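Q: Please find entry.pdb (PDB, C-alpha atoms, pLDDT in the B column) on the next line:
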MODEL        1
ATOM      1  CA  MET A  23       8.377   7.722   7.178  1.00 93.00           C
ATOM      2  CA  ASN A  24       9.396   4.437   5.651  1.00 97.00           C
ATOM      3  CA  LEU A  25       7.559   1.136   5.833  1.00 96.00           C
ATOM      4  CA  PHE A  26      10.825  -0.768   6.092  1.00 96.00           C
ATOM      5  CA  ALA A  27      12.469   1.486   8.659  1.00 92.00           C
ATOM      6  CA  SER A  28      13.208  -0.216  11.983  1.00 86.00           C
ATOM      7  CA  LEU A  29      11.247  -3.340  11.135  1.00 93.00           C
ATOM      8  CA  PRO A  30      10.390  -5.000  14.443  1.00 91.00           C
ATOM      9  CA  ASP A  31      11.545  -8.472  15.367  1.00 91.00           C
ATOM     10  CA  ALA A  32       8.388 -10.474  14.771  1.00 92.00           C
ATOM     11  CA  GLY A  33       9.863 -13.860  15.610  1.00 89.00           C
ATOM     12  CA  ALA A  34       8.000 -14.071  18.905  1.00 89.00           C
ATOM     13  CA  ALA A  35       4.735 -12.462  17.833  1.00 92.00           C
ATOM     14  CA  GLU A  36       3.182 -10.765  14.849  1.00 94.00           C
ATOM     15  CA  ARG A  37       3.432  -6.989  15.106  1.00 96.00           C
ATOM     16  CA  ILE A  38       0.761  -4.570  13.872  1.00 96.00           C
ATOM     17  CA  ASP A  39       1.314  -0.816  13.629  1.00 96.00           C
ATOM     18  CA  GLN A  40      -1.430   1.596  12.692  1.00 97.00           C
ATOM     19  CA  LEU A  41      -0.113   4.102  10.159  1.00 97.00           C
ATOM     20  CA  LEU A  42      -3.331   5.985   9.544  1.00 97.00           C
ATOM     21  CA  THR A  43      -6.760   5.931  11.161  1.00 96.00           C
ATOM     22  CA  ARG A  44      -9.733   7.752   9.713  1.00 93.00           C
ATOM     23  CA  PRO A  45     -13.473   7.193  10.078  1.00 91.00           C
ATOM     24  CA  GLY A  46     -14.101   3.962   8.195  1.00 91.00           C
ATOM     25  CA  LEU A  47     -10.430   3.408   7.347  1.00 95.00           C
ATOM     26  CA  ARG A  48      -7.276   2.001   8.912  1.00 96.00           C
ATOM     27  CA  VAL A  49      -3.900   1.622   7.242  1.00 98.00           C
ATOM     28  CA  GLU A  50      -1.801  -0.929   9.102  1.00 98.00           C
ATOM     29  CA  ARG A  51       1.658  -2.351   8.716  1.00 97.00           C
ATOM     30  CA  ILE A  52       1.648  -6.019   9.690  1.00 97.00           C
ATOM     31  CA  VAL A  53       4.998  -7.741  10.202  1.00 98.00           C
ATOM     32  CA  SER A  54       5.007 -11.528  10.519  1.00 98.00           C
ATOM     33  CA  GLN A  55       7.830 -14.001  10.790  1.00 97.00           C
ATOM     34  CA  GLY A  56       6.654 -17.585  10.850  1.00 96.00           C
ATOM     35  CA  GLN A  57       3.226 -17.020  12.406  1.00 96.00           C
ATOM     36  CA  ALA A  58       0.125 -18.853  11.205  1.00 97.00           C
ATOM     37  CA  SER A  59      -3.500 -19.005  12.263  1.00 97.00           C
ATOM     38  CA  PRO A  60      -4.196 -21.737  14.832  1.00 96.00           C
ATOM     39  CA  PRO A  61      -5.465 -25.033  13.360  1.00 96.00           C
ATOM     40  CA  GLY A  62      -9.145 -24.732  12.494  1.00 95.00           C
ATOM     41  CA  PHE A  63      -9.228 -20.988  13.108  1.00 97.00           C
ATOM     42  CA  TRP A  64     -10.877 -18.731  10.523  1.00 98.00           C
ATOM     43  CA  TYR A  65     -10.975 -14.955  10.484  1.00 97.00           C
ATOM     44  CA  ASP A  66     -14.526 -13.676  10.006  1.00 98.00           C
ATOM     45  CA  GLN A  67     -14.226  -9.897   9.945  1.00 97.00           C
ATOM     46  CA  PRO A  68     -17.057  -7.371   9.763  1.00 97.00           C
ATOM     47  CA  GLU A  69     -14.816  -4.984   7.823  1.00 96.00           C
ATOM     48  CA  GLY A  70     -13.277  -5.431   4.386  1.00 96.00           C
ATOM     49  CA  GLU A  71      -9.498  -5.767   4.164  1.00 97.00           C
ATOM     50  CA  TRP A  72      -7.286  -4.829   1.224  1.00 98.00           C
ATOM     51  CA  VAL A  73      -3.905  -6.476   1.607  1.00 98.00           C
ATOM     52  CA  LEU A  74      -0.671  -5.671  -0.199  1.00 98.00           C
ATOM     53  CA  ALA A  75       2.444  -7.777   0.352  1.00 98.00           C
ATOM     54  CA  VAL A  76       5.570  -5.637   0.155  1.00 97.00           C
ATOM     55  CA  GLY A  77       8.132  -8.150   1.369  1.00 96.00           C
ATOM     56  CA  GLY A  78       8.478 -11.769   2.442  1.00 97.00           C
ATOM     57  CA  ARG A  79       5.950 -14.516   1.748  1.00 98.00           C
ATOM     58  CA  ALA A  80       2.594 -15.361   3.274  1.00 98.00           C
ATOM     59  CA  CYS A  81       0.153 -18.119   2.436  1.00 98.00           C
ATOM     60  CA  LEU A  82      -3.534 -17.311   2.785  1.00 98.00           C
ATOM     61  CA  ARG A  83      -6.479 -19.647   2.461  1.00 98.00           C
ATOM     62  CA  PHE A  84     -10.106 -18.764   1.869  1.00 98.00           C
ATOM     63  CA  ALA A  85     -12.753 -21.134   3.231  1.00 98.00           C
ATOM     64  CA  ASP A  86     -14.533 -21.011  -0.125  1.00 98.00           C
ATOM     65  CA  GLU A  87     -11.496 -21.874  -2.266  1.00 97.00           C
ATOM     66  CA  ALA A  88      -9.764 -25.194  -2.731  1.00 95.00           C
ATOM     67  CA  ALA A  89      -6.246 -23.874  -3.212  1.00 97.00           C
ATOM     68  CA  ALA A  90      -4.344 -21.600  -0.887  1.00 97.00           C
ATOM     69  CA  ARG A  91      -2.738 -18.442  -2.253  1.00 97.00           C
ATOM     70  CA  VAL A  92       0.865 -17.461  -1.731  1.00 98.00           C
ATOM     71  CA  LEU A  93       1.413 -13.714  -1.548  1.00 98.00           C
ATOM     72  CA  ARG A  94       4.794 -12.307  -2.533  1.00 97.00           C
ATOM     73  CA  CYS A  95       6.051  -8.752  -2.978  1.00 97.00           C
ATOM     74  CA  GLY A  96       3.508  -6.737  -4.957  1.00 97.00           C
ATOM     75  CA  ASP A  97       0.671  -9.244  -4.643  1.00 98.00           C
ATOM     76  CA  TRP A  98      -2.561  -7.724  -3.420  1.00 98.00           C
ATOM     77  CA  LEU A  99      -5.882  -9.160  -2.375  1.00 97.00           C
ATOM     78  CA  ASP A 100      -9.289  -7.738  -1.516  1.00 97.00           C
ATOM     79  CA  ILE A 101     -10.897  -9.663   1.335  1.00 98.00           C
ATOM     80  CA  ALA A 102     -14.633  -8.973   1.473  1.00 97.00           C
ATOM     81  CA  PRO A 103     -16.337  -8.523   4.859  1.00 97.00           C
ATOM     82  CA  HIS A 104     -17.119 -11.892   6.462  1.00 98.00           C
ATOM     83  CA  ARG A 105     -15.240 -13.848   3.823  1.00 98.00           C
ATOM     84  CA  ARG A 106     -13.652 -16.502   5.993  1.00 98.00           C
ATOM     85  CA  HIS A 107      -9.912 -16.812   5.637  1.00 98.00           C
ATOM     86  CA  ARG A 108      -6.838 -17.929   7.530  1.00 98.00           C
ATOM     87  CA  VAL A 109      -3.102 -17.550   7.371  1.00 98.00           C
ATOM     88  CA  GLU A 110      -1.651 -20.968   6.540  1.00 98.00           C
ATOM     89  CA  TRP A 111       1.936 -19.849   7.047  1.00 98.00           C
ATOM     90  CA  THR A 112       4.330 -16.958   6.819  1.00 98.00           C
ATOM     91  CA  ASP A 113       7.973 -17.421   5.927  1.00 97.00           C
ATOM     92  CA  PRO A 114       9.927 -17.966   9.168  1.00 96.00           C
ATOM     93  CA  SER A 115      13.228 -16.938   7.572  1.00 96.00           C
ATOM     94  CA  VAL A 116      12.268 -13.361   6.618  1.00 96.00           C
ATOM     95  CA  LYS A 117      10.040 -10.566   7.813  1.00 97.00           C
ATOM     96  CA  THR A 118       6.819 -10.584   5.837  1.00 98.00           C
ATOM     97  CA  VAL A 119       5.327  -7.094   5.536  1.00 98.00           C
TER      98      VAL A 119
ATOM     99  CA  MET B  11      -2.995  -9.735  -8.786  1.00 93.00           C
ATOM    100  CA  ASN B  12       0.392  -8.111  -8.600  1.00 97.00           C
ATOM    101  CA  LEU B  13       1.182  -4.416  -8.462  1.00 96.00           C
ATOM    102  CA  PHE B  14       4.266  -4.890 -10.620  1.00 96.00           C
ATOM    103  CA  ALA B  15       2.652  -7.156 -13.201  1.00 92.00           C
ATOM    104  CA  SER B  16       2.545  -5.691 -16.698  1.00 86.00           C
ATOM    105  CA  LEU B  17       3.630  -2.234 -15.611  1.00 93.00           C
ATOM    106  CA  PRO B  18       2.493   0.158 -18.318  1.00 91.00           C
ATOM    107  CA  ASP B  19       4.886   2.302 -20.302  1.00 91.00           C
ATOM    108  CA  ALA B  20       4.440   5.667 -18.623  1.00 92.00           C
ATOM    109  CA  GLY B  21       7.007   7.533 -20.666  1.00 89.00           C
ATOM    110  CA  ALA B  22       4.373   9.435 -22.618  1.00 89.00           C
ATOM    111  CA  ALA B  23       1.864   9.985 -19.824  1.00 92.00           C
ATOM    112  CA  GLU B  24       1.305   9.074 -16.202  1.00 94.00           C
ATOM    113  CA  ARG B  25      -0.962   6.064 -15.837  1.00 96.00           C
ATOM    114  CA  ILE B  26      -3.507   5.607 -13.053  1.00 96.00           C
ATOM    115  CA  ASP B  27      -5.328   2.310 -12.425  1.00 96.00           C
ATOM    116  CA  GLN B  28      -8.060   1.960  -9.850  1.00 97.00           C
ATOM    117  CA  LEU B  29      -7.533  -1.232  -7.874  1.00 97.00           C
ATOM    118  CA  LEU B  30     -10.398  -0.834  -5.439  1.00 97.00           C
ATOM    119  CA  THR B  31     -13.302   1.585  -5.149  1.00 96.00           C
ATOM    120  CA  ARG B  32     -15.568   1.738  -2.124  1.00 93.00           C
ATOM    121  CA  PRO B  33     -17.735   4.514  -0.717  1.00 91.00           C
ATOM    122  CA  GLY B  34     -15.229   7.058   0.593  1.00 91.00           C
ATOM    123  CA  LEU B  35     -12.184   5.081  -0.566  1.00 95.00           C
ATOM    124  CA  ARG B  36     -10.124   4.518  -3.689  1.00 96.00           C
ATOM    125  CA  VAL B  37      -6.973   2.447  -3.990  1.00 98.00           C
ATOM    126  CA  GLU B  38      -5.006   3.481  -7.064  1.00 98.00           C
ATOM    127  CA  ARG B  39      -1.782   2.412  -8.684  1.00 97.00           C
ATOM    128  CA  ILE B  40      -0.027   5.420 -10.185  1.00 97.00           C
ATOM    129  CA  VAL B  41       2.861   4.798 -12.566  1.00 98.00           C
ATOM    130  CA  SER B  42       5.033   7.779 -13.526  1.00 98.00           C
ATOM    131  CA  GLN B  43       8.165   8.005 -15.596  1.00 97.00           C
ATOM    132  CA  GLY B  44       9.587  11.496 -15.724  1.00 96.00           C
ATOM    133  CA  GLN B  45       6.342  13.422 -15.277  1.00 96.00           C
ATOM    134  CA  ALA B  46       6.119  16.505 -13.066  1.00 97.00           C
ATOM    135  CA  SER B  47       3.435  19.039 -12.234  1.00 97.00           C
ATOM    136  CA  PRO B  48       3.412  22.037 -14.597  1.00 96.00           C
ATOM    137  CA  PRO B  49       5.348  25.070 -13.325  1.00 96.00           C
ATOM    138  CA  GLY B  50       3.297  26.948 -10.746  1.00 95.00           C
ATOM    139  CA  PHE B  51       0.648  24.204 -10.525  1.00 97.00           C
ATOM    140  CA  TRP B  52      -0.503  23.011  -7.102  1.00 98.00           C
ATOM    141  CA  TYR B  53      -2.850  20.148  -6.320  1.00 97.00           C
ATOM    142  CA  ASP B  54      -5.612  21.245  -3.946  1.00 98.00           C
ATOM    143  CA  GLN B  55      -7.706  18.139  -3.359  1.00 97.00           C
ATOM    144  CA  PRO B  56     -10.911  17.887  -1.359  1.00 97.00           C
ATOM    145  CA  GLU B  57     -10.023  14.306  -0.357  1.00 96.00           C
ATOM    146  CA  GLY B  58      -7.112  13.091   1.744  1.00 96.00           C
ATOM    147  CA  GLU B  59      -4.457  10.990   0.030  1.00 97.00           C
ATOM    148  CA  TRP B  60      -2.215   8.389   1.626  1.00 98.00           C
ATOM    149  CA  VAL B  61       0.727   7.663  -0.670  1.00 98.00           C
ATOM    150  CA  LEU B  62       3.143   4.732  -0.553  1.00 98.00           C
ATOM    151  CA  ALA B  63       6.100   4.569  -2.924  1.00 98.00           C
ATOM    152  CA  VAL B  64       6.845   0.976  -3.880  1.00 97.00           C
ATOM    153  CA  GLY B  65       9.383   1.578  -6.618  1.00 96.00           C
ATOM    154  CA  GLY B  66      11.270   4.348  -8.381  1.00 97.00           C
ATOM    155  CA  ARG B  67      11.720   7.876  -7.043  1.00 98.00           C
ATOM    156  CA  ALA B  68       9.389  10.849  -6.869  1.00 98.00           C
ATOM    157  CA  CYS B  69       9.958  14.312  -5.478  1.00 98.00           C
ATOM    158  CA  LEU B  70       7.009  16.011  -3.822  1.00 98.00           C
ATOM    159  CA  ARG B  71       6.743  19.537  -2.524  1.00 98.00           C
ATOM    160  CA  PHE B  72       4.224  20.978  -0.080  1.00 98.00           C
ATOM    161  CA  ALA B  73       3.362  24.673  -0.398  1.00 98.00           C
ATOM    162  CA  ASP B  74       3.812  25.042   3.363  1.00 98.00           C
ATOM    163  CA  GLU B  75       7.263  23.450   3.543  1.00 97.00           C
ATOM    164  CA  ALA B  76      10.609  24.881   2.493  1.00 95.00           C
ATOM    165  CA  ALA B  77      12.232  21.629   1.426  1.00 97.00           C
ATOM    166  CA  ALA B  78      10.908  19.132  -1.074  1.00 97.00           C
ATOM    167  CA  ARG B  79      10.628  15.468  -0.119  1.00 97.00           C
ATOM    168  CA  VAL B  80      12.026  12.611  -2.143  1.00 98.00           C
ATOM    169  CA  LEU B  81      10.000   9.418  -1.882  1.00 98.00           C
ATOM    170  CA  ARG B  82      11.736   6.097  -2.429  1.00 97.00           C
ATOM    171  CA  CYS B  83      10.571   2.501  -2.017  1.00 97.00           C
ATOM    172  CA  GLY B  84       8.717   2.143   1.275  1.00 97.00           C
ATOM    173  CA  ASP B  85       8.317   5.869   1.939  1.00 98.00           C
ATOM    174  CA  TRP B  86       4.777   6.894   2.741  1.00 98.00           C
ATOM    175  CA  LEU B  87       3.065  10.201   3.223  1.00 97.00           C
ATOM    176  CA  ASP B  88      -0.346  11.339   4.409  1.00 97.00           C
ATOM    177  CA  ILE B  89      -1.561  14.330   2.415  1.00 98.00           C
ATOM    178  CA  ALA B  90      -4.389  16.108   4.246  1.00 97.00           C
ATOM    179  CA  PRO B  91      -7.376  17.428   2.268  1.00 97.00           C
ATOM    180  CA  HIS B  92      -6.603  20.801   0.664  1.00 98.00           C
ATOM    181  CA  ARG B  93      -2.938  20.670   1.643  1.00 98.00           C
ATOM    182  CA  ARG B  94      -1.384  22.147  -1.482  1.00 98.00           C
ATOM    183  CA  HIS B  95       1.322  20.053  -3.047  1.00 98.00           C
ATOM    184  CA  ARG B  96       2.984  19.373  -6.377  1.00 98.00           C
ATOM    185  CA  VAL B  97       5.175  16.771  -7.995  1.00 98.00           C
ATOM    186  CA  GLU B  98       8.574  18.366  -8.620  1.00 98.00           C
ATOM    187  CA  TRP B  99       9.883  15.419 -10.582  1.00 98.00           C
ATOM    188  CA  THR B 100       9.726  11.675 -11.037  1.00 98.00           C
ATOM    189  CA  ASP B 101      12.718   9.647 -12.140  1.00 97.00           C
ATOM    190  CA  PRO B 102      12.697   9.490 -15.956  1.00 96.00           C
ATOM    191  CA  SER B 103      14.903   6.388 -16.001  1.00 96.00           C
ATOM    192  CA  VAL B 104      12.597   4.035 -14.068  1.00 96.00           C
ATOM    193  CA  LYS B 105       8.907   3.456 -13.484  1.00 97.00           C
ATOM    194  CA  THR B 106       7.867   5.076 -10.238  1.00 98.00           C
ATOM    195  CA  VAL B 107       4.965   3.236  -8.634  1.00 98.00           C
TER     196      VAL B 107
ENDMDL
END
What would the structure in this file look like if it were written as structure tokens?

A:
Amino acid sequence: MNLFASLPDAGAAERIDQLLTRPGLRVERIVSQGQASPPGFWYDQPEGEWVLAVGGRACLRFADEAAARVLRCGDWLDIAPHRRHRVEWTDPSVKTV
Amino acid sequence: MNLFASLPDAGAAERIDQLLTRPGLRVERIVSQGQASPPGFWYDQPEGEWVLAVGGRACLRFADEAAARVLRCGDWLDIAPHRRHRVEWTDPSVKTV
């Protein structure tokens, strides 16, 4: 199976596919195309999230950091449980995976 | 941090870096450049392994399958615990990540 095979059109809505689920673990493919978190919205997740960008561009902001971070292909990030964060933007011109 | 930043020279030996360790979970970056499992050797791991190729080419064989599988960028594979497998080859001309 290939992560880039039949990439969904995510122009209308972000698309999440679960590739693997195990007790205590999920591997997901998230495809975005221009989506962002609503103004003032912050994710506050009970579970940790390890993110790897494999295509496109996404801008993430942590509540406890002044500067936002732009993730490009190969960039990875470990988001600790309950560390508040939001998606500032994703590139509308490409599919961000 | 970027997965492709300062890729090590793996010509002499495969290089494994642990990116994240949690109870029951490891995220590793494996860089190979021409390595293969020794003749007749099979991995038989107690833990499951989810593999994603993000660059290069690697050829994997399962003991219970006739044909080997070539993994290229984006290809992923879920290797169940104790499913015997070996690395037939990795591309000697590029770094396989």

Q: Ranking B:Ala22, B:Leu29, B:Ile40, B:Leu70 by minimum distance to Ile89 in chain B and counting all atoms listed in the file, which one comes first?

A: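 Of the candidates, the smallest distance to Ile89 in chain B is held by B:Leu70.
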
Q: Counting all atoms listed in the file, which residues in chain B sit no more than 7 Å from chain A? For each one, give the nearest pair of atoms and the distance in Å, sorted by chain then residue number, as JSON lines.

A:
{"residue": "B:Met11", "atom": "CA", "partner": "A:Asp97", "partner_atom": "CA", "distance": 5.6}
{"residue": "B:Asn12", "atom": "CA", "partner": "A:Asp97", "partner_atom": "CA", "distance": 4.1}
{"residue": "B:Leu13", "atom": "CA", "partner": "A:Gly96", "partner_atom": "CA", "distance": 4.8}
{"residue": "B:Phe14", "atom": "CA", "partner": "A:Gly96", "partner_atom": "CA", "distance": 6.0}
{"residue": "B:Gly84", "atom": "CA", "partner": "A:Leu25", "partner_atom": "CA", "distance": 4.8}
{"residue": "B:Asp85", "atom": "CA", "partner": "A:Asn24", "partner_atom": "CA", "distance": 4.1}
{"residue": "B:Trp86", "atom": "CA", "partner": "A:Met23", "partner_atom": "CA", "distance": 5.8}

Q: Given the PyMOL selection byres ((chain B and resi 79) around 6) and the file above, list the residues it selects as number ranges by chain.

A: B: 69-70, 78, 80

Q: Print the selection's residues with C-alpha atoms to a file, as a compact mmCIF listing (two decimals), in the coordinates of the input.

A:
# COMPACT_ATOMS: atom_id res chain seq x y z
CA CYS B 69 9.96 14.31 -5.48
CA LEU B 70 7.01 16.01 -3.82
CA ALA B 78 10.91 19.13 -1.07
CA VAL B 80 12.03 12.61 -2.14

Q: Could you jot down the CA of Thr106 in chain B to CA of Gln28 in chain B separation for me, Å, one decimal place?

A: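 About the pair CA of Thr106 in chain B and CA of Gln28 in chain B: they are 16.2 Å apart.
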
Q: Report, in Å with one decimal, the straight-line distance from CA of Arg108 in chain A to CA of Ala85 in chain A.

A: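 Result for CA of Arg108 in chain A versus CA of Ala85 in chain A: 8.0 Å, one decimal.
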
Q: What is the CA of Arg51 in chain A to CA of Ile38 in chain A distance in Å?

A: 5.7 Å

Q: Got a sec: who's within 10 Å of His107 in chain A, counting only C-alpha atoms, leaving out chain neighbours fewer than 5 positions off, as a list of chain:residue names?

A: A:Ser59, A:Phe63, A:Trp64, A:Tyr65, A:Asp66, A:Gln67, A:Leu82, A:Arg83, A:Phe84, A:Ala85, A:Asp86, A:Glu87, A:Ala90, A:Ile101

Q: Kindly save the residues from that selection, with C-alpha atoms included, as a PDB file, in the coordinates of the input.

A:
ATOM      1  CA  SER A  59      -3.500 -19.005  12.263  1.00 97.00           C
ATOM      2  CA  PHE A  63      -9.228 -20.988  13.108  1.00 97.00           C
ATOM      3  CA  TRP A  64     -10.877 -18.731  10.523  1.00 98.00           C
ATOM      4  CA  TYR A  65     -10.975 -14.955  10.484  1.00 97.00           C
ATOM      5  CA  ASP A  66     -14.526 -13.676  10.006  1.00 98.00           C
ATOM      6  CA  GLN A  67     -14.226  -9.897   9.945  1.00 97.00           C
ATOM      7  CA  LEU A  82      -3.534 -17.311   2.785  1.00 98.00           C
ATOM      8  CA  ARG A  83      -6.479 -19.647   2.461  1.00 98.00           C
ATOM      9  CA  PHE A  84     -10.106 -18.764   1.869  1.00 98.00           C
ATOM     10  CA  ALA A  85     -12.753 -21.134   3.231  1.00 98.00           C
ATOM     11  CA  ASP A  86     -14.533 -21.011  -0.125  1.00 98.00           C
ATOM     12  CA  GLU A  87     -11.496 -21.874  -2.266  1.00 97.00           C
ATOM     13  CA  ALA A  90      -4.344 -21.600  -0.887  1.00 97.00           C
ATOM     14  CA  ILE A 101     -10.897  -9.663   1.335  1.00 98.00           C
TER      15      ILE A 101
END

Q: Once N, CA and C atoms are restored for range 24-53 of chain A, what would the output be as a compact mmCIF listing (two decimals), keeping the file's coordinate frame?

A:
# COMPACT_ATOMS: atom_id res chain seq x y z
N ASN A 24 9.18 5.56 6.57
CA ASN A 24 9.40 4.44 5.65
C ASN A 24 8.88 3.13 6.25
N LEU A 25 8.18 2.39 5.42
CA LEU A 25 7.56 1.14 5.83
C LEU A 25 8.59 0.10 6.30
N PHE A 26 9.80 0.22 5.77
CA PHE A 26 10.82 -0.77 6.09
C PHE A 26 11.81 -0.29 7.15
N ALA A 27 11.58 0.95 7.63
CA ALA A 27 12.47 1.49 8.66
C ALA A 27 12.20 0.78 9.99
N SER A 28 13.27 0.46 10.67
CA SER A 28 13.21 -0.22 11.98
C SER A 28 12.10 -1.26 12.03
N LEU A 29 12.20 -2.24 11.13
CA LEU A 29 11.25 -3.34 11.14
C LEU A 29 11.39 -4.10 12.45
N PRO A 30 10.30 -4.33 13.15
CA PRO A 30 10.39 -5.00 14.44
C PRO A 30 10.74 -6.47 14.28
N ASP A 31 11.35 -7.03 15.31
CA ASP A 31 11.54 -8.47 15.37
C ASP A 31 10.17 -9.10 15.61
N ALA A 32 9.72 -9.88 14.65
CA ALA A 32 8.39 -10.47 14.77
C ALA A 32 8.49 -11.97 15.00
N GLY A 33 9.67 -12.43 15.40
CA GLY A 33 9.86 -13.86 15.61
C GLY A 33 8.98 -14.40 16.72
N ALA A 34 8.79 -13.60 17.76
CA ALA A 34 8.00 -14.07 18.90
C ALA A 34 6.50 -13.86 18.67
N ALA A 35 6.15 -12.75 18.05
CA ALA A 35 4.74 -12.46 17.83
C ALA A 35 4.60 -11.49 16.68
N GLU A 36 3.51 -11.68 15.93
CA GLU A 36 3.18 -10.76 14.85
C GLU A 36 3.06 -9.36 15.41
N ARG A 37 3.48 -8.36 14.61
CA ARG A 37 3.43 -6.99 15.11
C ARG A 37 2.60 -6.14 14.14
N ILE A 38 1.64 -5.42 14.68
CA ILE A 38 0.76 -4.57 13.87
C ILE A 38 0.91 -3.12 14.30
N ASP A 39 1.23 -2.25 13.35
CA ASP A 39 1.31 -0.82 13.63
C ASP A 39 0.28 -0.08 12.79
N GLN A 40 -0.45 0.81 13.43
CA GLN A 40 -1.43 1.60 12.69
C GLN A 40 -0.75 2.83 12.13
N LEU A 41 -0.77 2.98 10.82
CA LEU A 41 -0.11 4.10 10.16
C LEU A 41 -1.07 5.27 9.94
N LEU A 42 -2.33 4.95 9.79
CA LEU A 42 -3.33 5.98 9.54
C LEU A 42 -4.67 5.47 10.05
N THR A 43 -5.39 6.30 10.78
CA THR A 43 -6.76 5.93 11.16
C THR A 43 -7.66 7.10 10.82
N ARG A 44 -8.73 6.78 10.11
CA ARG A 44 -9.73 7.75 9.71
C ARG A 44 -11.08 7.08 9.92
N PRO A 45 -12.16 7.85 9.98
CA PRO A 45 -13.47 7.19 10.08
C PRO A 45 -13.66 6.22 8.92
N GLY A 46 -13.87 4.97 9.23
CA GLY A 46 -14.10 3.96 8.20
C GLY A 46 -12.85 3.43 7.53
N LEU A 47 -11.67 3.83 8.01
CA LEU A 47 -10.43 3.41 7.35
C LEU A 47 -9.28 3.25 8.34
N ARG A 48 -8.53 2.18 8.20
CA ARG A 48 -7.28 2.00 8.91
C ARG A 48 -6.22 1.56 7.91
N VAL A 49 -5.04 2.15 7.99
CA VAL A 49 -3.90 1.62 7.24
C VAL A 49 -2.95 1.03 8.27
N GLU A 50 -2.65 -0.25 8.12
CA GLU A 50 -1.80 -0.93 9.10
C GLU A 50 -0.59 -1.55 8.42
N ARG A 51 0.52 -1.55 9.13
CA ARG A 51 1.66 -2.35 8.72
C ARG A 51 1.68 -3.59 9.61
N ILE A 52 1.61 -4.75 8.96
CA ILE A 52 1.65 -6.02 9.69
C ILE A 52 2.97 -6.70 9.37
N VAL A 53 3.73 -7.03 10.40
CA VAL A 53 5.00 -7.74 10.20
C VAL A 53 4.88 -9.12 10.84
